[in-house]
Each structure stands twice: as structure tokens, then as C-alpha cells.
Amino acid sequence: MLEAILVMSLGAVVLGAALGYAAVKFRVEGDPLVEKIDAILPQTQCGQCSYPGCKPYATAIARGEAEINQCPPGGEEGIRKLADLLGREFKPLSAEHGVEKPKAVAVIDEQTCIGCTLCIQACPVDAIVGAAKQMHTIIADQCTGCELCLPPCPVDCITMEVLHETVDTWKWKYPVFPLHPAQVQS
Amino acid sequence: MIRQPQQQLFRFNGGVTPEYHKDQSTRVPIGVPPAPTELVIPLHQSIGGTPRPIVSVGERVLCGQRIGEADGDVSAAVHASTSGTVVAIEMRQLPHPSGLSSLCVVLQADGHNDWIACSAFDYEQATAQEIRDYLRDSGVVGLGGAVFPSHLKLNAGHQIGIDTLIINGAECEPYITCDDMLMRERATEIVRGVALMRRVLNAKAVCIGIEDNKPQAIAAMQTAVSESKEDFAVTTVPTRYPAGGAKQLIRVITGIEVPHGRRSVEYGVQCFNVATALAIYQAIALGRPLISRIVTVAGNVSNARNFEVLIGTLMKDIVALCDPLADTDRVIMGGPMMGVELASQDVPVVKATNCILLGSQKIFPPAPPEMPCIRCGECAIACPADLQPLELYWFARAKLFGKAQEYHLFDCIECGCCSYVCPSNIPLVDYYRFAKSEIWAREKEKALADEARERFEFRQFRDEREEHEKVARLAARAAAAAEAKAQSAADLAAASAGGDSGGDDATKALIAAALERARQQGGEIAPKNTGHVSAEQLAEIAQIESRRAEIREQAKPQLPPDS
């Protein structure tokens with residue numbers, strides 16, 4: 001009897017020590033789920049989800065505070081990926097957060113720009129270069145198309161231009177076959 | 001003629017033996033089409049960055065003059081194919097399956113064909129970097145079809161050291177005979193080019209691999225090699241599609257199977273096309289950049305032939321020389337196995353154009369409807385890259401791109417053997433092409449998203465840092481102000497103790513005078529918009545004013561005694 005108790009308690013002590021050690025040794029910094037969700041989000045940093053950036057939205061999803069269908073740039077595919085990752089039900093994109101648009105970049109009309117720097121302050125990814133009273137311009141490669149620079153512009157010189165397909169971005173299409181209705185002999 | 005002993009050959013798995021139709025276009029020598037009047041030279045012709053135009057509209061250019069400058073290392077320059085005037089730099093349709101346009105230099109030929117001053121490049125005195133830059137600026141790219149810039153391959157080989165240099169004259173694809181005719185007619189120049197490449201690469205052995213269905217090319221190359229006194233081996237490889245694939249030819253000749261994700265150069269083998277060898281000869285020994293290539297016109301034409309075509313010549317002009325048949329309904333760039341169907345013939349010949357194949361319902365009947373995959377495994381037997389095409393098909397079809405990559409989708413050379421043997425008529429290669437371009441697009445998107453995330457996080461970090469700095473600055477200023485106050489209080493105490501306060505008194509007098517002035521002015525100012533108001537309103541205003549004055553009087557004692 002005593003032996004059994006001793007053996008069991010020894011086992012408990014050893015396992016407890018091992019678990020305690022593992023908890024210290026293999027401690028995970030940060031929340032890996034947030035990172036995974038953030039990797040799916042498109043990093044547009046547009047704030048259409050009502051959170052100030054993709055990471056805060058990812059954190060909110062991980063905590064269960066936000067729905068997965070609040071990201072218009074991620075679109076339906078993004079929602080499907082999030083649903084897969086989190087084991088939640090797919091939901092169509094929530095209309096109050098916006099609609100899915102083709103990828104676009106902001107373009108500054110350099111003739112109209114007065115050099116007020118307001119758009120530079122608004123850009124979440126520092127993709128606008130310029131200085132006070134100097135013309136500004138957008139680095140197209142780094143523009144995420146978040147549209148955050150549009151409202152602050154006092155002279156409305158920023159427009160969004162949809163990115164058209166080029167030879168470099170063209171993709172082979174999914175093979176499909178035209179179906180012809182069978183000719184019925186009369 | 002010295003017959004070299006045939007070395008031991010190996011074989012690759014799979015492959016098919018389609019009908020070759022090569023005799024169609026080998027009956028007559030390489031032709032020279034009439035000089036075109038207008039050339040459309042696309043800037044983007046090789047793998048890598050799009051060259052930047054360095055000429056302007058209206059400028060006269062000479063034949064061989066550089067018109068597009070290589071954009072970075074993975075890129076190759078583009079040259080004017082004849083002398084003339086640049087009439088436009090604009091978007092024109094490319095010979096690309098998408099039918100999309102890209103930036104092209106449009107040249108109006110003047111018919112003189114004046115060359116730039118050409119001089120041989122002294123490669124023996126040049127460093128590896130100089131040779132690389134020279135070939136890049138000569139626009140030399142792989143002419144086998146992949147258009148990979150040759151300077152990169154030569155440079156990689158130069159750095160690692162090469163045991164065997166393989167020259168690819170296999171040309172396994174049906175209908176295409178441009179390399180065959182080139183070897184028949186220009187063997188001496190090819191061999192000189194190979195000798196140059198060998199010296200640049202410092203290769204121990206050289207092997208020229210030619211499929212055994214080209215006896216005339218083999219004989220011509222053997223003669224040229226024996227005349228040149230070089231110890232190159234001319235190896236006859238069995239005709240089996242796709243023996244002309246770089247990895248397949250390397251395997252047949254050396255027995256080396258280049259594993260997944262590795263390059264042949266890591267195993268001491270580098271492979272170049274025969275036409276590339278000629279281009280390198282012309283660039284180094286003659287100083288002439290790549291401005292033309294041999295193009296086979298075959299298929300649904302009555303006079304199939306090879307032509308030496310200036311880059312930028314419109315395909316329809318070349319096709320017209322071969323009398324296309326009336327029932328021609330499509331144009332394919334490349335061969336029937338790997339070629340891509342073009343939207344029109346109104347596109348220029350580019351460095352990648354090895355063949356213009358015309359099709360009709362008769363010679364290329366439409367594919368029968370696709371039926372379900374029955375997992376018969378024929379495709380796996382035929383695959384020369386030792387892949388499992390049926391698995392790749394399921395993954396590509398289901399858009400499981402991660403799984404497709406696990407099954408080494410990117411080792412697929414798109415040779416088309418699997419589609420060729422499929423009893424269910426599944427266009428397997430179309431699925432792989434779809435999956436590959438989708439994966440590339442996603443990777444690009446991912447890289448951009450990662451960059452955006454990094455920039456966003458850096459911006460947040462910077463905002464935070466600036467906030468901290470501001471707080472620190474304000475705190476420092478407040479501390480300094482407090483200290484100054486304490487100091488001045490101490491000074492005041494010291495001064496009053498010393499009985500000398502002349503400076504302070506003077507300041508106080510100035511402030512008092514200023515306040516007095518302000519008070520007087522305030523009294524003088526009368527509202528100017530009261531002319532049209534009624535007496536009642538004036539009385540009301542007076543009442544409010546008196547109330548305000550009262551409040552002001554009451555507030556006075558609360559002000560510091562100084563003012």
C-alpha cells in the first residue's frame with residue numbers, strides 16, 4: 001500500500017517537474033495563432049475591418065472578438081482560408097466593411113499636388129515620398145491600395161488606378177472546355 | 001573523316017516517340033527573307049527584368065546598336081536588327097499566349113543595313129565580370145527556347161568549375177529543324193563558339209549531343225570538329241522525345257541525374273544550345289550582338305523552310321513566304337508538344353521563336369473531350385522527369401498547390417509527354433501551367449504582403465519612438481524650466497538680499513506701460529457694425545457691456561498683483 005502510494009507520488013513529482021521544465025524551456029513568445037491569422041491577411045493595412053491595421057484585426061480574431069468576414073481586400077478567398085484555419089463557418093464578406101475591389105494603386109496628380117504632406121502622414125506603409133511644399137509621389141511597388149491617403153488630400157489630387165494584367169502578371173487559366181449542346185437530329 | 005569512338009550512353013526514363021515531320025523543312029537551305037520595312041522589337045525578350053529603352057523616337061539607329069539596356073543582372077540587352085529610324089516606343093502585342101502587349105521599339109528600316117563599328121572582344125584578357133557584362137550587353141540568351149541569359153550560366157560555370165560542357169543539338173520536338181539546319185550550314189562557326197565557351201568555362205571535356213535522326217548535321221559537326229583540331233566529342237543520342245531537354249540530355253550523355261532543386265552546374269555539367277554557341281561566337285569573335293535567329297516555318301504550309309529572321313520581323317511576313325494553306329486556323333510558337341498558341345500572326349519574331357507552326361483542323365484535330373482520370377499510370381511511365389503526373393493533376397485540379405509542390409511540380413519541364421499518352425485526353429500540362437503560374441503569383445503576393453507588414457510595423461515602431469522622444473523632450477524642457485525658475489528665484493533672493501533690483505524694476509515698468517497702452521486702446525475701440533440696429537438693441541448691448549465691465553471689475557483682484 002505504502003509502496004504504491006510512494007511510487008505514484010514519485011511519478012507525480014517526476015512528471016510535474018518534467019512539465020514544469022518544459023513550460024519554461026519551450027515557452028512560446030507571443031500568440032502563434034495571431035501570427036498565423038496575420039499571415040493570411042493581405043497586409044493592406046487599410047483599416048476597413050475597423051481595426052487599425054492587419055495585426056490588430058488578427059489579434060481580435062484570435063481572441064474571438066471579431067468576425068472573419070471583415071476584410072474586403074482579402075476577399076472571399078481570405079475568408080475561406082481563415083475559416084479553414086480557425087475551424088469556423090464560412091461567411092460572405094460583411095457589407096458594412098466594404099466590397100472586394102480589384103487591386104489598385106494610388107496615383108498622385110503631380111500638377112495638382114500642393115505639398116501638404118497630409119497623405120504622407122496617412123500612408124500606413126510609408127509608400128509616399130515628398131516633403132513640405134514639395135511635390136509628393138507614390139512608390140507604386142509599395143502601395144498596398146488601402147485608400148487611406150484619399151480623404152486627407154485637400155486638393156483631391158490622388159486617384160486609385162486599377163492594376164491591369166501585364167505579360168509579367170498574366171496567369172495561365174484553369175483549363176475549361178466549352179460545352180456544345182449535342183446536335184439533335186430532327 | 002575521323003569517326004570518334006561512341007562513348008557509353010545512358011538513358012532517361014519515359015519519353016515518347018511522336019511523328020517527327022522534320023523532313024518537311026529540311027529540303028531547302030536556310031533562306032533569307034526580304035528586308036522588312038518595319039521592325040517591332042520587344043524590349044522584354046528574355047527571362048528576367050525588362051530592359052529600359054535607351055533610344056528616343058525620331059533617333060536614327062544603326063544595325064546592332066543597343067536600344068534596350070539590361071535591367072539588372074538577370075536580364076539581357078536588346079539591339080536594333082537593322083539601321084533605320086525609331087518611329088515609336090509603344091505597347092505592341094507580343095508573341096505570348098496571353099496576347100497582351102508590352103513595350104516595343106518600332107523601327108522604320110532605311111534599307112542600308114549600316115552596322116555599328118564591330119570589334120572582337122578580347123576575352124582572354126578580360127575578367128569574369130567583364131565577360132559577363134559583355135555578353136549581357138550583347139543580348140546573348142539561350143536560343144533553345146527558354147531564353148535564359150547566357151552570361152549567368154557561363155558565370156556560374158566559371159565560378160564552380162565545369163567538367164563537361166554539353167552542347168545541345170538534339171532538337172527533339174517534332175517539326176522544328178532550325179538547329180539541324182544551323183549545324184548543317186554553320187558547323188565551323190558553332191565549333192568556334194563552343195571553343196570560346198570552353199575556354200571561358202575552363203571545361204575539361206566537351207560533348208555535342210545530336211539525335212540520330214539528323215545524320216547530315218552529325219556529319220557536318222564531326223567534320224568541323226576534326227578540322228578545328230579540338231577534342232570535342234560529337235555524340236549521337238537515340239531519338240526519343242524529349243532528349244533535347246537539358247536535364248534529359250545531361251542524363252543521357254553523362255549519366256548524372258540532377259536531383260530536385262539542384263542545378264546541373266553543381267555537378268560540373270553545363271548545357272547550352274548550338275544556336276547559343278553561334279551567338280556567343282558572333283558576340284565575342286565578331287563583336288556582333290544577337291540580332292537574328294533561325295526560325296522554322298512548318299505545319300500547314302506548302303513550302304516549309306528555315307529562315308534567318310531579324311528579331312522584330314512580323315511573323316505574318318515570314319509565314320507569307322511559305323505559302324500557308326487556306327485552311328490554316330491557328331499559329332503556334334514552338335513545336336506541337338510544348339509550343340504556345342498565339343492570338344494572331346501580327347506579332348514580331350523574338351529571341352525565343354524557334355518555330356512558327358501553322359495548324360489546321362486536319363493536322364492538329366481538336367482534342368477529344370476530357371474524360372475522368374482512371375489512374376492508369378501511363379503518364380507516370382511517360383514522364384521524363386520521373387514525376388507522378390496523375391497525382392500532380394489531382395492536386396492542380398483541386399487547387400492544392402502546397403501538395404503539388406510537395407510532389408515537385410516545379411521539376412515538370414512541360415514537355416507534354418503525359419498529355420500525349422493520356423487515354424482520357426486530359427490536357428495535363430495545362431493544369432500544371434495553371435498551377436505553376438498560380439503558385440508564382442501567390443509567392444509574389446506573399447512577398448509584397450510581407451514587405452508591407454514590415455513597413456507597417458516599422459512605421460508603428462517609428463511613431464512610438466517619436467512619441468517617446470517627444471515625451472522625453474517635453475520632460476527635459478519642463479525639468480530645465482523648473483531648474484531655471486529655481487535658479488531665478490535663488491537669484492532674486494540673492495538680489496533682494498543684496499538690495500540691487502534695478503533690472504527687475506525696469507522690466508516691471510515696461511510691462512506696466514504696455515498694459516496701460518492696451519487698456520487705453522481697448523477703451524477706444526467701438527464696435528463698427530451697430531449703425532443699423534434699433535435703439536432697443538443698442539440698449540440691450542449697453543446692458544451686456546455694463547455687465548461685462550462689472551465682471552471684469554470683480555475678476556481684477558484675482559489677477560496677480562504685478563499686473
# chains A, B, ... in the order shown; residues from 1 in each chain; ligands from 1
$ residues_around --residues "Leu314 in chain B" --least-positions-apart "2" --cutoff "8 Å" --atoms "only C-alpha atoms" --output "number ranges by chain"
B: 39-40, 312, 316-318, 345-349
$ residues_around --residues "Pro174 in chain B" --least-positions-apart "2" --cutoff "7 Å" --atoms "only C-alpha atoms" --output "list of chain:residue names"
B:Glu19, B:Tyr20, B:His21, B:Lys22, B:Cys172, B:Ile176, B:Gly335, B:Pro336
$ write_last_selection --atoms "all heavy atoms" --output "tab-separated table (two decimals), in the first residue's frame"
chain	number	residue	atom	x	y	z
B	19	GLU	N	5.39	11.40	-84.17
B	19	GLU	CA	5.81	11.56	-85.56
B	19	GLU	C	6.58	12.87	-85.67
B	19	GLU	O	6.14	13.89	-85.15
B	19	GLU	CB	4.58	11.61	-86.47
B	19	GLU	CG	3.98	10.25	-86.74
B	19	GLU	CD	2.75	10.39	-87.61
B	19	GLU	OE1	2.86	11.04	-88.66
B	19	GLU	OE2	1.70	9.86	-87.22
B	20	TYR	N	7.74	12.82	-86.36
B	20	TYR	CA	8.62	13.99	-86.30
B	20	TYR	C	8.38	15.04	-87.38
B	20	TYR	O	8.60	16.22	-87.14
B	20	TYR	CB	10.08	13.54	-86.26
B	20	TYR	CG	10.45	13.04	-84.89
B	20	TYR	CD1	10.46	11.68	-84.60
B	20	TYR	CD2	10.74	13.93	-83.88
B	20	TYR	CE1	10.75	11.23	-83.34
B	20	TYR	CE2	11.03	13.49	-82.61
B	20	TYR	CZ	11.05	12.13	-82.34
B	20	TYR	OH	11.33	11.71	-81.07
B	21	HIS	N	7.98	14.65	-88.55
B	21	HIS	CA	7.70	15.60	-89.64
B	21	HIS	C	8.85	16.55	-89.91
B	21	HIS	O	8.64	17.71	-90.25
B	21	HIS	CB	6.45	16.45	-89.33
B	21	HIS	CG	5.22	15.65	-89.12
B	21	HIS	ND1	4.52	15.08	-90.16
B	21	HIS	CD2	4.56	15.30	-87.99
B	21	HIS	CE1	3.48	14.43	-89.67
B	21	HIS	NE2	3.49	14.54	-88.37
B	22	LYS	N	10.09	16.13	-89.67
B	22	LYS	CA	11.19	17.07	-89.79
B	22	LYS	C	11.66	17.25	-91.22
B	22	LYS	O	12.24	18.28	-91.55
B	22	LYS	CB	12.35	16.63	-88.90
B	22	LYS	CG	12.04	16.86	-87.43
B	22	LYS	CD	13.25	16.72	-86.57
B	22	LYS	CE	12.91	16.79	-85.11
B	22	LYS	NZ	13.49	17.94	-84.44
B	172	CYS	N	14.59	17.77	-80.21
B	172	CYS	CA	13.73	16.59	-80.20
B	172	CYS	C	12.30	16.87	-80.60
B	172	CYS	O	11.54	15.96	-80.89
B	172	CYS	CB	13.76	15.99	-78.80
B	172	CYS	SG	13.31	17.20	-77.55
B	176	ILE	N	10.34	21.03	-85.72
B	176	ILE	CA	11.38	22.07	-85.61
B	176	ILE	C	12.70	21.55	-86.18
B	176	ILE	O	13.14	20.44	-85.83
B	176	ILE	CB	11.56	22.51	-84.16
B	176	ILE	CG1	10.21	22.89	-83.57
B	176	ILE	CG2	12.53	23.67	-84.07
B	176	ILE	CD1	10.25	23.33	-82.15
B	335	GLY	N	6.95	24.08	-80.91
B	335	GLY	CA	6.51	22.85	-81.57
B	335	GLY	C	5.12	22.43	-81.11
B	335	GLY	O	4.49	23.11	-80.31
B	336	PRO	N	4.65	21.30	-81.64
B	336	PRO	CA	3.31	20.83	-81.27
B	336	PRO	C	3.22	20.33	-79.83
B	336	PRO	O	2.13	20.29	-79.25
B	336	PRO	CB	3.05	19.70	-82.26
B	336	PRO	CG	4.41	19.23	-82.67
B	336	PRO	CD	5.30	20.43	-82.61
$ closest_atom_pairs --of "chain B" --to "chain A" --cutoff "9 Å" --atoms "only C-alpha atoms" --output "CSV"
residue,atom,partner,partner_atom,distance
B:Leu94,CA,A:Val167,CA,8.5
B:His96,CA,A:Val167,CA,7.8
B:Pro97,CA,A:Trp172,CA,8.6
B:Ser98,CA,A:Trp170,CA,7.0
B:Gly99,CA,A:Val167,CA,8.5
B:Leu100,CA,A:Val167,CA,6.1
B:Ser101,CA,A:Val167,CA,7.1
B:Ser102,CA,A:Val167,CA,7.0
B:Pro369,CA,A:Phe177,CA,7.8
B:Glu370,CA,A:Phe177,CA,8.2
B:Arg397,CA,A:Tyr174,CA,8.2
B:Pro427,CA,A:Pro175,CA,7.9
B:Asp430,CA,A:Pro175,CA,6.2
B:Tyr431,CA,A:Pro175,CA,6.3
B:Arg433,CA,A:Trp172,CA,6.1
B:Phe434,CA,A:Trp172,CA,4.6
B:Ala435,CA,A:Trp172,CA,8.1
B:Lys436,CA,A:Trp172,CA,8.4
B:Ser437,CA,A:Lys171,CA,5.3
B:Glu438,CA,A:Lys171,CA,6.5
B:Trp440,CA,A:Lys171,CA,8.9
B:Ala441,CA,A:Thr169,CA,7.2
B:Glu445,CA,A:Pro42,CA,8.5
B:Lys446,CA,A:Pro42,CA,8.2
B:Leu448,CA,A:Gln142,CA,7.6
B:Ala449,CA,A:Gln43,CA,5.3
B:Asp450,CA,A:Gln43,CA,7.5
B:Glu451,CA,A:Gln142,CA,8.0
B:Ala452,CA,A:Gln43,CA,6.0
B:Arg453,CA,A:Gln43,CA,5.7
B:Glu454,CA,A:Val125,CA,8.3
B:Arg455,CA,A:Val125,CA,5.1
B:Phe456,CA,A:Val125,CA,4.7
B:Glu457,CA,A:Val125,CA,8.3
B:Phe458,CA,A:Val125,CA,8.4
B:Arg459,CA,A:Val125,CA,6.7
B:Gln460,CA,A:Pro124,CA,8.5
$ write_last_selection --atoms "N, CA, C and O atoms" --output "compact mmCIF listing (two decimals), in the first residue's frame"
# COMPACT_ATOMS: atom_id res chain seq x y z
N LEU B 94 2.61 41.02 -78.07
CA LEU B 94 3.78 40.15 -78.02
C LEU B 94 3.41 38.74 -78.47
O LEU B 94 2.26 38.34 -78.38
N HIS B 96 2.96 35.88 -77.21
CA HIS B 96 2.80 35.34 -75.86
C HIS B 96 1.40 34.74 -75.80
O HIS B 96 0.48 35.28 -76.42
N PRO B 97 1.21 33.64 -75.07
CA PRO B 97 -0.13 33.02 -75.06
C PRO B 97 -1.23 33.96 -74.59
O PRO B 97 -2.39 33.78 -74.94
N SER B 98 -0.87 34.98 -73.80
CA SER B 98 -1.89 35.89 -73.30
C SER B 98 -2.39 36.84 -74.38
O SER B 98 -3.48 37.39 -74.26
N GLY B 99 -1.56 37.09 -75.40
CA GLY B 99 -1.93 38.09 -76.40
C GLY B 99 -1.83 39.51 -75.86
O GLY B 99 -2.33 40.44 -76.47
N LEU B 100 -1.17 39.67 -74.71
CA LEU B 100 -1.05 41.00 -74.12
C LEU B 100 0.07 41.79 -74.80
O LEU B 100 0.89 41.22 -75.52
N SER B 101 0.07 43.08 -74.53
CA SER B 101 1.06 43.95 -75.15
C SER B 101 2.16 44.29 -74.15
O SER B 101 1.98 44.17 -72.95
N SER B 102 3.27 44.71 -74.71
CA SER B 102 4.38 45.15 -73.88
C SER B 102 5.14 46.21 -74.66
O SER B 102 4.93 46.39 -75.85
N PRO B 369 -13.09 15.35 -76.07
CA PRO B 369 -13.43 15.84 -74.73
C PRO B 369 -12.65 15.10 -73.63
O PRO B 369 -12.38 13.90 -73.74
N GLU B 370 -12.34 15.87 -72.61
CA GLU B 370 -11.59 15.33 -71.48
C GLU B 370 -12.47 14.36 -70.70
O GLU B 370 -13.63 14.65 -70.43
N ARG B 397 -5.81 20.24 -60.11
CA ARG B 397 -7.24 20.34 -60.37
C ARG B 397 -7.99 20.80 -59.14
O ARG B 397 -8.92 21.59 -59.21
N PRO B 427 -5.74 17.38 -70.77
CA PRO B 427 -4.64 18.29 -71.08
C PRO B 427 -3.82 18.56 -69.82
O PRO B 427 -3.89 19.63 -69.22
N ASP B 430 -1.72 21.73 -69.27
CA ASP B 430 -2.48 22.95 -69.00
C ASP B 430 -2.74 23.10 -67.50
O ASP B 430 -2.69 24.20 -66.97
N TYR B 431 -3.01 21.99 -66.85
CA TYR B 431 -3.22 22.04 -65.40
C TYR B 431 -1.94 22.42 -64.67
O TYR B 431 -1.95 23.19 -63.72
N ARG B 433 0.60 24.14 -65.90
CA ARG B 433 0.91 25.53 -66.17
C ARG B 433 0.06 26.44 -65.30
O ARG B 433 0.53 27.42 -64.74
N PHE B 434 -1.22 26.07 -65.19
CA PHE B 434 -2.13 26.84 -64.34
C PHE B 434 -1.61 26.85 -62.90
O PHE B 434 -1.48 27.92 -62.28
N ALA B 435 -1.26 25.67 -62.40
CA ALA B 435 -0.81 25.58 -61.00
C ALA B 435 0.48 26.36 -60.80
O ALA B 435 0.64 27.08 -59.82
N LYS B 436 1.40 26.24 -61.76
CA LYS B 436 2.68 26.94 -61.61
C LYS B 436 2.48 28.44 -61.58
O LYS B 436 3.03 29.13 -60.72
N SER B 437 1.70 28.96 -62.53
CA SER B 437 1.58 30.42 -62.56
C SER B 437 0.80 30.91 -61.34
O SER B 437 1.07 31.99 -60.82
N GLU B 438 -0.12 30.09 -60.86
CA GLU B 438 -0.86 30.47 -59.66
C GLU B 438 0.08 30.52 -58.44
O GLU B 438 0.02 31.44 -57.64
N TRP B 440 3.33 30.97 -58.51
CA TRP B 440 4.24 32.13 -58.66
C TRP B 440 3.54 33.41 -58.25
O TRP B 440 4.11 34.24 -57.52
N ALA B 441 2.29 33.56 -58.70
CA ALA B 441 1.56 34.78 -58.38
C ALA B 441 1.37 34.90 -56.88
O ALA B 441 1.52 35.97 -56.29
N GLU B 445 2.71 37.75 -54.36
CA GLU B 445 1.78 38.46 -53.49
C GLU B 445 2.23 38.38 -52.03
O GLU B 445 2.18 39.35 -51.30
N LYS B 446 2.70 37.19 -51.67
CA LYS B 446 3.14 36.95 -50.30
C LYS B 446 4.35 37.83 -49.98
O LYS B 446 4.42 38.43 -48.91
N LEU B 448 5.12 40.62 -51.35
CA LEU B 448 4.67 42.01 -51.23
C LEU B 448 3.98 42.24 -49.89
O LEU B 448 4.18 43.26 -49.25
N ALA B 449 3.15 41.26 -49.48
CA ALA B 449 2.44 41.39 -48.20
C ALA B 449 3.44 41.43 -47.06
O ALA B 449 3.30 42.22 -46.12
N ASP B 450 4.48 40.59 -47.14
CA ASP B 450 5.49 40.58 -46.07
C ASP B 450 6.20 41.92 -46.00
O ASP B 450 6.47 42.42 -44.92
N GLU B 451 6.47 42.47 -47.18
CA GLU B 451 7.15 43.77 -47.20
C GLU B 451 6.25 44.84 -46.60
O GLU B 451 6.70 45.68 -45.81
N ALA B 452 4.96 44.77 -46.97
CA ALA B 452 4.01 45.76 -46.44
C ALA B 452 3.92 45.63 -44.93
O ALA B 452 3.88 46.63 -44.21
N ARG B 453 3.92 44.39 -44.43
CA ARG B 453 3.83 44.18 -42.98
C ARG B 453 5.05 44.78 -42.30
O ARG B 453 4.95 45.48 -41.29
N GLU B 454 6.21 44.51 -42.89
CA GLU B 454 7.46 45.01 -42.32
C GLU B 454 7.44 46.54 -42.26
O GLU B 454 7.80 47.14 -41.27
N ARG B 455 7.00 47.14 -43.37
CA ARG B 455 6.99 48.60 -43.44
C ARG B 455 5.99 49.18 -42.45
O ARG B 455 6.23 50.20 -41.83
N PHE B 456 4.83 48.49 -42.33
CA PHE B 456 3.80 48.95 -41.39
C PHE B 456 4.32 48.87 -39.96
O PHE B 456 4.16 49.80 -39.16
N GLU B 457 4.97 47.73 -39.65
CA GLU B 457 5.48 47.56 -38.30
C GLU B 457 6.59 48.56 -38.00
O GLU B 457 6.67 49.10 -36.91
N PHE B 458 7.40 48.83 -39.02
CA PHE B 458 8.47 49.80 -38.81
C PHE B 458 7.87 51.18 -38.58
O PHE B 458 8.33 51.94 -37.73
N ARG B 459 6.81 51.48 -39.32
CA ARG B 459 6.19 52.79 -39.16
C ARG B 459 5.63 52.94 -37.76
O ARG B 459 5.76 53.98 -37.11
N GLN B 460 4.99 51.85 -37.28
CA GLN B 460 4.44 51.90 -35.92
C GLN B 460 5.55 52.08 -34.91
O GLN B 460 5.43 52.87 -33.97
$ closest_residue --among "B:Ala243, B:Ala195, B:Ile413, B:Val28" --to "Cys322 in chain B" --atoms "only C-alpha atoms"
B:Val28
$ residues_around --residues "range 54-69 of chain B" --least-positions-apart "2" --cutoff "7 Å" --atoms "only C-alpha atoms" --output "PyMOL selection string"
chain B and resi 43+51-52+71+77-89+113-116+288-289+291
$ closest_residue --among "A:Cys146, A:Ala122, A:Ile158, A:Leu15" --to "Cys71 in chain A" --atoms "only C-alpha atoms"
A:Cys146
$ select_by_dssp --residues "range 88-154 of chain A" --states "helix (DSSP H, G or I)" --output "PyMOL selection string"
chain A and resi 95-97+118-122+140-142
$ write_last_selection --atoms "C-alpha atoms" --output "PDB file, in the first residue's frame"
ATOM      1  CA  ALA A  95     -21.243  44.510 -46.461  1.00  0.00           C
ATOM      2  CA  GLU A  96     -20.713  47.161 -43.789  1.00  0.00           C
ATOM      3  CA  HIS A  97     -16.949  46.753 -44.052  1.00  0.00           C
ATOM      4  CA  LEU A 118      -1.057  65.025 -45.211  1.00  0.00           C
ATOM      5  CA  CYS A 119      -1.047  61.920 -47.405  1.00  0.00           C
ATOM      6  CA  ILE A 120       2.467  61.044 -46.240  1.00  0.00           C
ATOM      7  CA  GLN A 121       1.224  61.072 -42.664  1.00  0.00           C
ATOM      8  CA  ALA A 122      -1.769  58.927 -43.617  1.00  0.00           C
ATOM      9  CA  ALA A 140       3.728  52.138 -56.859  1.00  0.00           C
ATOM     10  CA  ASP A 141       5.509  48.889 -55.952  1.00  0.00           C
ATOM     11  CA  GLN A 142       4.983  49.502 -52.274  1.00  0.00           C
TER      12      GLN A 142
END
$ select_by_dssp --residues "range 210-292 of chain B" --states "strand (DSSP E or B)" --output "PyMOL selection string"
chain B and resi 210-211+233-237+241+269-273+292
$ decode --residues "range 418-427 of chain B" --atoms "all heavy atoms" --output "short mmCIF file (atom, residue, chain, number, x, y, z; two decimals), in the first residue's frame"
data_model
loop_
_atom_site.label_atom_id
_atom_site.label_comp_id
_atom_site.auth_asym_id
_atom_site.auth_seq_id
_atom_site.Cartn_x
_atom_site.Cartn_y
_atom_site.Cartn_z
N CYS B 418 2.98 13.48 -70.94
CA CYS B 418 1.86 12.92 -70.19
C CYS B 418 0.55 13.17 -70.93
O CYS B 418 -0.28 12.27 -71.06
CB CYS B 418 1.82 13.51 -68.78
SG CYS B 418 2.00 15.29 -68.73
N SER B 419 0.39 14.40 -71.45
CA SER B 419 -0.84 14.69 -72.19
C SER B 419 -0.90 13.83 -73.46
O SER B 419 -1.97 13.41 -73.89
CB SER B 419 -0.90 16.16 -72.60
OG SER B 419 -0.51 16.98 -71.56
N TYR B 420 0.29 13.58 -74.04
CA TYR B 420 0.37 12.83 -75.29
C TYR B 420 -0.12 11.40 -75.12
O TYR B 420 -0.79 10.85 -75.99
CB TYR B 420 1.82 12.86 -75.79
CG TYR B 420 2.06 12.19 -77.12
CD1 TYR B 420 1.76 12.85 -78.31
CD2 TYR B 420 2.61 10.91 -77.18
CE1 TYR B 420 1.99 12.24 -79.52
CE2 TYR B 420 2.85 10.30 -78.39
CZ TYR B 420 2.53 10.96 -79.56
OH TYR B 420 2.76 10.36 -80.77
N VAL B 421 0.23 10.78 -73.97
CA VAL B 421 -0.13 9.37 -73.78
C VAL B 421 -1.46 9.18 -73.06
O VAL B 421 -1.98 8.07 -73.03
CB VAL B 421 0.96 8.61 -73.00
CG1 VAL B 421 2.26 8.60 -73.79
CG2 VAL B 421 1.17 9.19 -71.62
N CYS B 422 -2.02 10.25 -72.50
CA CYS B 422 -3.21 10.10 -71.65
C CYS B 422 -4.37 9.51 -72.45
O CYS B 422 -4.83 10.09 -73.43
CB CYS B 422 -3.62 11.43 -71.05
SG CYS B 422 -5.04 11.29 -69.97
N PRO B 423 -4.89 8.34 -72.02
CA PRO B 423 -6.00 7.75 -72.75
C PRO B 423 -7.32 8.49 -72.50
O PRO B 423 -8.29 8.30 -73.24
CB PRO B 423 -6.07 6.33 -72.21
CG PRO B 423 -5.47 6.41 -70.86
CD PRO B 423 -4.45 7.51 -70.90
N SER B 424 -7.35 9.33 -71.46
CA SER B 424 -8.57 10.10 -71.19
C SER B 424 -8.51 11.49 -71.79
O SER B 424 -9.36 12.33 -71.50
CB SER B 424 -8.78 10.21 -69.68
OG SER B 424 -9.14 8.98 -69.15
N ASN B 425 -7.49 11.76 -72.59
CA ASN B 425 -7.33 13.05 -73.28
C ASN B 425 -7.31 14.24 -72.32
O ASN B 425 -7.87 15.29 -72.61
CB ASN B 425 -8.43 13.27 -74.31
CG ASN B 425 -8.60 12.08 -75.20
OD1 ASN B 425 -7.63 11.61 -75.77
ND2 ASN B 425 -9.81 11.57 -75.29
N ILE B 426 -6.71 14.06 -71.16
CA ILE B 426 -6.67 15.18 -70.21
C ILE B 426 -5.50 16.09 -70.62
O ILE B 426 -4.38 15.60 -70.79
CB ILE B 426 -6.49 14.66 -68.78
CG1 ILE B 426 -7.62 13.70 -68.43
CG2 ILE B 426 -6.44 15.82 -67.79
CD1 ILE B 426 -7.42 12.97 -67.13
N PRO B 427 -5.74 17.38 -70.77
CA PRO B 427 -4.64 18.29 -71.08
C PRO B 427 -3.82 18.56 -69.82
O PRO B 427 -3.89 19.63 -69.22
CB PRO B 427 -5.35 19.54 -71.59
CG PRO B 427 -6.67 19.52 -70.90
CD PRO B 427 -7.02 18.08 -70.64
#
